[in-house]
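**Q** I have a structure I would like to understand better, so I am pasting it below and will then ask my questions one at a time.
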Number of protein chains: 2
Amino acid sequence: MNTPIDTRENLLHLATEIVQLVGYNAFSYRDLAGRAGITTASVHYHFPTKGDLALAMVERQRVLDRAVFSKLDVDVPDPFRRLQAFCAAMRRELENGRRMCLCGMLAAEHETLPPAAVEAVHAFFTDTEGWLGAVLLVGRQAGVVAFTGPAAPVAQALLSAVEGAMLTARAFGDLGRFDAATKWHLARLKP
Amino acid sequence: MNTPIDTRENLLHLATEIVQLVGYNAFSYRDLAGRAGITTASVHYHFPTKGDLALAMVERQRVLDRAVFSKLDVDVPDPFRRLQAFCAAMRRELENGRRMCLCGMLAAEHETLPPAAVEAVHAFFTDTEGWLGAVLLVGRQAGVVAFTGPAAPVAQALLSAVEGAMLTARAFGDLGRFDAATKWHLARLKP
DNA sequence: GTCTATAAGATGATAGAC
DNA sequence: GTCTATCATCTTATAGAC
């Protein structure tokens, strides 16, 4: 028997996958409802408006990614390898269905999102940059990462570079592009 | 009197601006027709389908950008400064209406584009990477740009980084983010 | 929570007059 | 080339029964 799980969580999971693939504006309640096996009216019960759904998707992603960061902090002691593991995690989205980073996609379409969702996207980037910055600092102290000055701008440059690498690699359907770009950027951080 | 210029060119110009701002799927014939001061039926006369319009936009952008590259080759003799000038050109889209790179936007939404348009987007990236690669090579020979190995992967990494910098800077409405990221990436190419 | 039914409007697109 | 008129379809969203 299919344990019917939490419908809301299931909807968020499915919606996220669709948005990552085709974008927020090409995604419809109809499509989502169809995949979830319910009607659009039922989707509206959980998420009254499309903007509510967008916001909920980003909030959920933030929680998931915080868990990923915590796990990486534990599982990958070496800070430089943690940066590599971060890239590998992003790469997995590409591998598993040619999906863009959710917030990278929403960033492109941010002009069409409700303000609350845009703020949530900001928070996602800020979260990720904060974690990357911390890894960079620890890495520098440990002598396995090299850069000068504050970590924040480097973290911003690194995250945006990874987002851009996903964007272009996805357009070409070529994982090698992502690998080459991220490898190059990480190599610039080697002592 | 308004010289009515070429309607087709005018439509492509307006359509490009809209897509750069809100994306391909949030953009409609109605919106475009309204701005051009004609009806949607007239737009369909010039571009039978939305996919035809997408393809024409990208082809036009490629021509415009080739002209930009040629001008930079003439006006900016120093190869490193030419890379800076390239970033400045991309930055201008951000300044002038918070617009994403047309092909960066279409790359995000490529799953919803007709195959011919996707190929045109590929060609845009290949064009740009080719030019960047040539600048990188000349720069290395002149001793003003430093990198090891072939230029192509470096050009890919640089272009994707610039696209990512536009993506995130735009989401925050913060030009400083674009400046900081591109400055950092270009600094990695200094001898 | 999920359904049926429905609304009001937008969407890409076409036929045919001028 | 541009228009009016029209189309079928899709879109987000709501009301009310079960």
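As shown in the structure tokens, the chain order sets the letters A, B, ...; within each chain, residues go from 1, and ligands are also counted from 1 in the order they appear.
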Applying 10 Å and only C-alpha atoms (C1' of nucleotides), which residues near C:DT4 remain after dropping the ones on its own chain fewer than 6 positions away? List them as a PyMOL selection string.

**A** (chain A and resi 39+41) or (chain D and resi 16-17)

**Q** Keeping N, CA, C and O atoms (P, O5', C5', C4', C3', O3' and C1' of nucleotides) for every residue in the selection just given, could you write it to a file as a CSV table (one decimal), in the first residue's frame?

**A**
chain,number,residue,atom,x,y,z
A,39,THR,N,-6.9,17.0,-7.6
A,39,THR,CA,-7.4,18.0,-8.5
A,39,THR,C,-6.8,19.3,-8.1
A,39,THR,O,-6.2,19.5,-7.1
A,41,ALA,N,-8.2,22.0,-7.4
A,41,ALA,CA,-8.9,22.6,-6.2
A,41,ALA,C,-8.3,22.1,-4.9
A,41,ALA,O,-8.2,22.9,-4.0
D,16,DG,P,-21.4,29.4,-1.9
D,16,DG,O5',-21.5,27.8,-1.9
D,16,DG,C5',-22.0,27.1,-3.1
D,16,DG,C4',-21.8,25.7,-2.9
D,16,DG,C3',-22.2,25.1,-1.6
D,16,DG,O3',-22.9,23.9,-1.8
D,16,DG,C1',-20.1,24.4,-2.1
D,17,DA,P,-23.7,23.2,-0.5
D,17,DA,O5',-23.7,21.7,-0.9
D,17,DA,C5',-23.9,21.3,-2.3
D,17,DA,C4',-23.2,19.9,-2.5
D,17,DA,C3',-23.4,18.9,-1.5
D,17,DA,O3',-23.7,17.6,-2.1
D,17,DA,C1',-21.1,19.3,-1.7

**Q** Please report as a PDB file with C-alpha atoms, in the first residue's frame which residues of chain A come no farther than 12 Å from chain C, using only C-alpha atoms (C1' of nucleotides).

**A**
ATOM      1  CA  ASP A   6       1.899  14.150   3.896  1.00  0.00           C
ATOM      2  CA  THR A   7       0.096  15.566   0.861  1.00  0.00           C
ATOM      3  CA  ARG A   8       1.474  19.017   1.408  1.00  0.00           C
ATOM      4  CA  ALA A  33      -2.287  18.251  -9.544  1.00  0.00           C
ATOM      5  CA  GLY A  37      -3.161  12.450  -8.501  1.00  0.00           C
ATOM      6  CA  ILE A  38      -5.509  15.061  -7.088  1.00  0.00           C
ATOM      7  CA  THR A  39      -7.420  18.016  -8.503  1.00  0.00           C
ATOM      8  CA  THR A  40      -6.309  21.624  -8.796  1.00  0.00           C
ATOM      9  CA  ALA A  41      -8.923  22.571  -6.212  1.00  0.00           C
ATOM     10  CA  SER A  42      -7.186  20.331  -3.718  1.00  0.00           C
ATOM     11  CA  VAL A  43      -3.866  21.956  -4.460  1.00  0.00           C
ATOM     12  CA  HIS A  44      -5.474  25.329  -3.794  1.00  0.00           C
ATOM     13  CA  TYR A  45      -6.595  24.002  -0.419  1.00  0.00           C
ATOM     14  CA  HIS A  46      -2.939  23.542   0.560  1.00  0.00           C
TER      15      HIS A  46
END

**Q** Determine which residues of chain D sit within 12 Å of chain A, taking into account only C-alpha atoms (C1' of nucleotides), and present them as a VMD selection string.

**A** chain D and resid 10 to 15

**Q** Please report as JSON lines every residue of chain B lying within 7 Å of chain A, along with the nearest atom pair and their distance in Å (one decimal), using only C-alpha atoms.

**A**
{"residue": "B:Leu21", "atom": "CA", "partner": "A:Glu111", "partner_atom": "CA", "distance": 6.9}
{"residue": "B:Val22", "atom": "CA", "partner": "A:Glu111", "partner_atom": "CA", "distance": 5.7}
{"residue": "B:Gly23", "atom": "CA", "partner": "A:Glu109", "partner_atom": "CA", "distance": 6.2}
{"residue": "B:Asn25", "atom": "CA", "partner": "A:Asn25", "partner_atom": "CA", "distance": 5.6}
{"residue": "B:Ala26", "atom": "CA", "partner": "A:Asn25", "partner_atom": "CA", "distance": 5.8}
{"residue": "B:Met105", "atom": "CA", "partner": "A:Ala108", "partner_atom": "CA", "distance": 6.4}
{"residue": "B:Ala107", "atom": "CA", "partner": "A:Ala171", "partner_atom": "CA", "distance": 5.1}
{"residue": "B:Ala108", "atom": "CA", "partner": "A:Leu167", "partner_atom": "CA", "distance": 6.0}
{"residue": "B:Glu109", "atom": "CA", "partner": "A:Val22", "partner_atom": "CA", "distance": 5.8}
{"residue": "B:His110", "atom": "CA", "partner": "A:Ala171", "partner_atom": "CA", "distance": 6.3}
{"residue": "B:Glu111", "atom": "CA", "partner": "A:Val22", "partner_atom": "CA", "distance": 5.7}
{"residue": "B:Thr112", "atom": "CA", "partner": "A:Val22", "partner_atom": "CA", "distance": 6.3}
{"residue": "B:His122", "atom": "CA", "partner": "A:Phe172", "partner_atom": "CA", "distance": 6.7}
{"residue": "B:Pro153", "atom": "CA", "partner": "A:Ala180", "partner_atom": "CA", "distance": 6.5}
{"residue": "B:Gln156", "atom": "CA", "partner": "A:Ala181", "partner_atom": "CA", "distance": 6.7}
{"residue": "B:Ala157", "atom": "CA", "partner": "A:Ala181", "partner_atom": "CA", "distance": 4.4}
{"residue": "B:Ser160", "atom": "CA", "partner": "A:Gly164", "partner_atom": "CA", "distance": 4.6}
{"residue": "B:Ala161", "atom": "CA", "partner": "A:Ala161", "partner_atom": "CA", "distance": 4.1}
{"residue": "B:Glu163", "atom": "CA", "partner": "A:Gly164", "partner_atom": "CA", "distance": 5.3}
{"residue": "B:Gly164", "atom": "CA", "partner": "A:Gly164", "partner_atom": "CA", "distance": 3.7}
{"residue": "B:Ala165", "atom": "CA", "partner": "A:Ser160", "partner_atom": "CA", "distance": 5.2}
{"residue": "B:Leu167", "atom": "CA", "partner": "A:Ala108", "partner_atom": "CA", "distance": 6.0}
{"residue": "B:Thr168", "atom": "CA", "partner": "A:Ser160", "partner_atom": "CA", "distance": 6.3}
{"residue": "B:Ala171", "atom": "CA", "partner": "A:Ala107", "partner_atom": "CA", "distance": 5.1}
{"residue": "B:Phe172", "atom": "CA", "partner": "A:His122", "partner_atom": "CA", "distance": 6.7}
{"residue": "B:Ala180", "atom": "CA", "partner": "A:Pro153", "partner_atom": "CA", "distance": 6.5}
{"residue": "B:Ala181", "atom": "CA", "partner": "A:Ala157", "partner_atom": "CA", "distance": 4.4}
{"residue": "B:Trp184", "atom": "CA", "partner": "A:Ala157", "partner_atom": "CA", "distance": 6.9}
{"residue": "B:Arg188", "atom": "CA", "partner": "A:Arg188", "partner_atom": "CA", "distance": 6.8}

**Q** For the residues in the current selection, export N, CA, C and O atoms as a short mmCIF file (atom, residue, chain, number, x, y, z; two decimals), in the first residue's frame.

**A**
data_model
loop_
_atom_site.label_atom_id
_atom_site.label_comp_id
_atom_site.auth_asym_id
_atom_site.auth_seq_id
_atom_site.Cartn_x
_atom_site.Cartn_y
_atom_site.Cartn_z
N LEU B 21 13.62 40.71 -18.90
CA LEU B 21 13.10 41.15 -17.61
C LEU B 21 12.29 40.06 -16.90
O LEU B 21 12.55 39.76 -15.73
N VAL B 22 11.33 39.48 -17.60
CA VAL B 22 10.40 38.55 -16.93
C VAL B 22 10.55 37.11 -17.38
O VAL B 22 9.97 36.20 -16.77
N GLY B 23 11.30 36.88 -18.45
CA GLY B 23 11.47 35.52 -18.95
C GLY B 23 10.55 35.22 -20.12
O GLY B 23 9.57 35.94 -20.35
N ASN B 25 8.50 32.65 -20.65
CA ASN B 25 7.17 32.10 -20.38
C ASN B 25 6.22 33.08 -19.71
O ASN B 25 5.01 32.85 -19.69
N ALA B 26 6.76 34.15 -19.16
CA ALA B 26 5.90 35.19 -18.57
C ALA B 26 5.60 36.27 -19.60
O ALA B 26 4.83 37.19 -19.34
N MET B 105 18.76 33.95 -19.68
CA MET B 105 17.36 33.73 -19.33
C MET B 105 16.78 32.55 -20.10
O MET B 105 16.15 31.66 -19.53
N ALA B 107 18.39 30.16 -21.40
CA ALA B 107 19.06 28.94 -20.98
C ALA B 107 18.32 28.32 -19.80
O ALA B 107 18.13 27.11 -19.73
N ALA B 108 17.88 29.19 -18.88
CA ALA B 108 17.14 28.68 -17.72
C ALA B 108 15.84 28.02 -18.15
O ALA B 108 15.43 27.01 -17.60
N GLU B 109 15.21 28.61 -19.17
CA GLU B 109 13.89 28.13 -19.62
C GLU B 109 13.99 27.21 -20.83
O GLU B 109 12.96 26.97 -21.49
N HIS B 110 15.17 26.73 -21.13
CA HIS B 110 15.38 26.03 -22.41
C HIS B 110 14.48 24.81 -22.62
O HIS B 110 14.19 24.45 -23.75
N GLU B 111 14.00 24.21 -21.52
CA GLU B 111 13.14 23.03 -21.67
C GLU B 111 11.81 23.37 -22.33
O GLU B 111 11.12 22.49 -22.84
N THR B 112 11.46 24.63 -22.34
CA THR B 112 10.18 25.05 -22.91
C THR B 112 10.35 25.72 -24.28
O THR B 112 9.38 26.25 -24.82
N HIS B 122 22.72 27.79 -27.85
CA HIS B 122 24.04 27.14 -27.85
C HIS B 122 25.02 27.96 -28.67
O HIS B 122 26.16 28.21 -28.25
N PRO B 153 38.23 25.87 -21.90
CA PRO B 153 37.57 25.66 -20.60
C PRO B 153 37.59 26.90 -19.72
O PRO B 153 36.65 27.12 -18.94
N GLN B 156 34.85 29.11 -20.93
CA GLN B 156 33.56 28.57 -20.46
C GLN B 156 33.33 28.91 -19.00
O GLN B 156 32.23 29.32 -18.62
N ALA B 157 34.37 28.74 -18.21
CA ALA B 157 34.24 29.03 -16.78
C ALA B 157 33.96 30.51 -16.56
O ALA B 157 33.13 30.89 -15.73
N SER B 160 30.27 31.43 -17.83
CA SER B 160 29.25 30.93 -16.91
C SER B 160 29.29 31.69 -15.59
O SER B 160 28.24 31.95 -14.98
N ALA B 161 30.48 32.11 -15.17
CA ALA B 161 30.60 32.89 -13.93
C ALA B 161 29.93 34.25 -14.08
O ALA B 161 29.27 34.74 -13.16
N GLU B 163 27.48 34.94 -16.18
CA GLU B 163 26.03 34.69 -16.23
C GLU B 163 25.49 34.50 -14.81
O GLU B 163 24.44 35.05 -14.44
N GLY B 164 26.20 33.74 -14.01
CA GLY B 164 25.79 33.53 -12.63
C GLY B 164 25.81 34.81 -11.82
O GLY B 164 24.94 35.04 -10.97
N ALA B 165 26.79 35.66 -12.09
CA ALA B 165 26.88 36.93 -11.38
C ALA B 165 25.70 37.83 -11.73
O ALA B 165 25.14 38.52 -10.87
N LEU B 167 22.75 36.69 -12.69
CA LEU B 167 21.58 36.03 -12.10
C LEU B 167 21.37 36.43 -10.64
O LEU B 167 20.27 36.83 -10.24
N THR B 168 22.43 36.33 -9.86
CA THR B 168 22.30 36.60 -8.43
C THR B 168 22.21 38.10 -8.14
O THR B 168 21.42 38.53 -7.30
N ALA B 171 18.75 39.25 -8.76
CA ALA B 171 17.78 38.81 -7.75
C ALA B 171 17.82 39.72 -6.52
O ALA B 171 16.80 39.97 -5.89
N PHE B 172 19.02 40.24 -6.22
CA PHE B 172 19.16 41.12 -5.06
C PHE B 172 18.98 42.58 -5.45
O PHE B 172 18.92 43.44 -4.56
N ALA B 180 31.55 42.83 -7.57
CA ALA B 180 32.44 42.09 -6.70
C ALA B 180 32.78 40.72 -7.30
O ALA B 180 33.95 40.31 -7.30
N ALA B 181 31.76 40.04 -7.82
CA ALA B 181 32.00 38.70 -8.37
C ALA B 181 32.88 38.76 -9.61
O ALA B 181 33.86 38.01 -9.72
N TRP B 184 36.45 39.61 -8.81
CA TRP B 184 37.18 38.49 -8.23
C TRP B 184 37.62 37.50 -9.31
O TRP B 184 38.77 37.05 -9.33
N ARG B 188 41.58 36.53 -10.79
CA ARG B 188 42.19 35.19 -10.86
C ARG B 188 42.93 34.99 -12.16
O ARG B 188 43.65 34.01 -12.34
#

**Q** Excluding stretch 134-150 of chain A and its own-chain neighbours fewer than 5 positions away, which residues fall within 10 Å of it when counting only C-alpha atoms (C1' of nucleotides)? Please give them as a list in words.

**A**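 Answer for this query is Asp73, Asp78, Pro79, Phe80, Arg81, Arg82, Leu83, Thr128, Glu129, Ala155, Leu186, Ala187, Arg188, Leu189, Lys190 and Pro191 of chain A.
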
**Q** Determine which residues of stretch 15-175 of chain A receive a DSSP assignment of alpha helix (DSSP H), computed from the backbone, and state them as a PyMOL selection string.

**A** chain A and resi 15-22+29-36+40-46+50-75+79-95+102-108+115-142+151-172+175

**Q** Take atom CA of B:Glu59 and atom CA of B:Thr126 and report the distance between them in Å, one decimal.

**A**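 Between atom CA of B:Glu59 and atom CA of B:Thr126 the gap is 13.0 Å.
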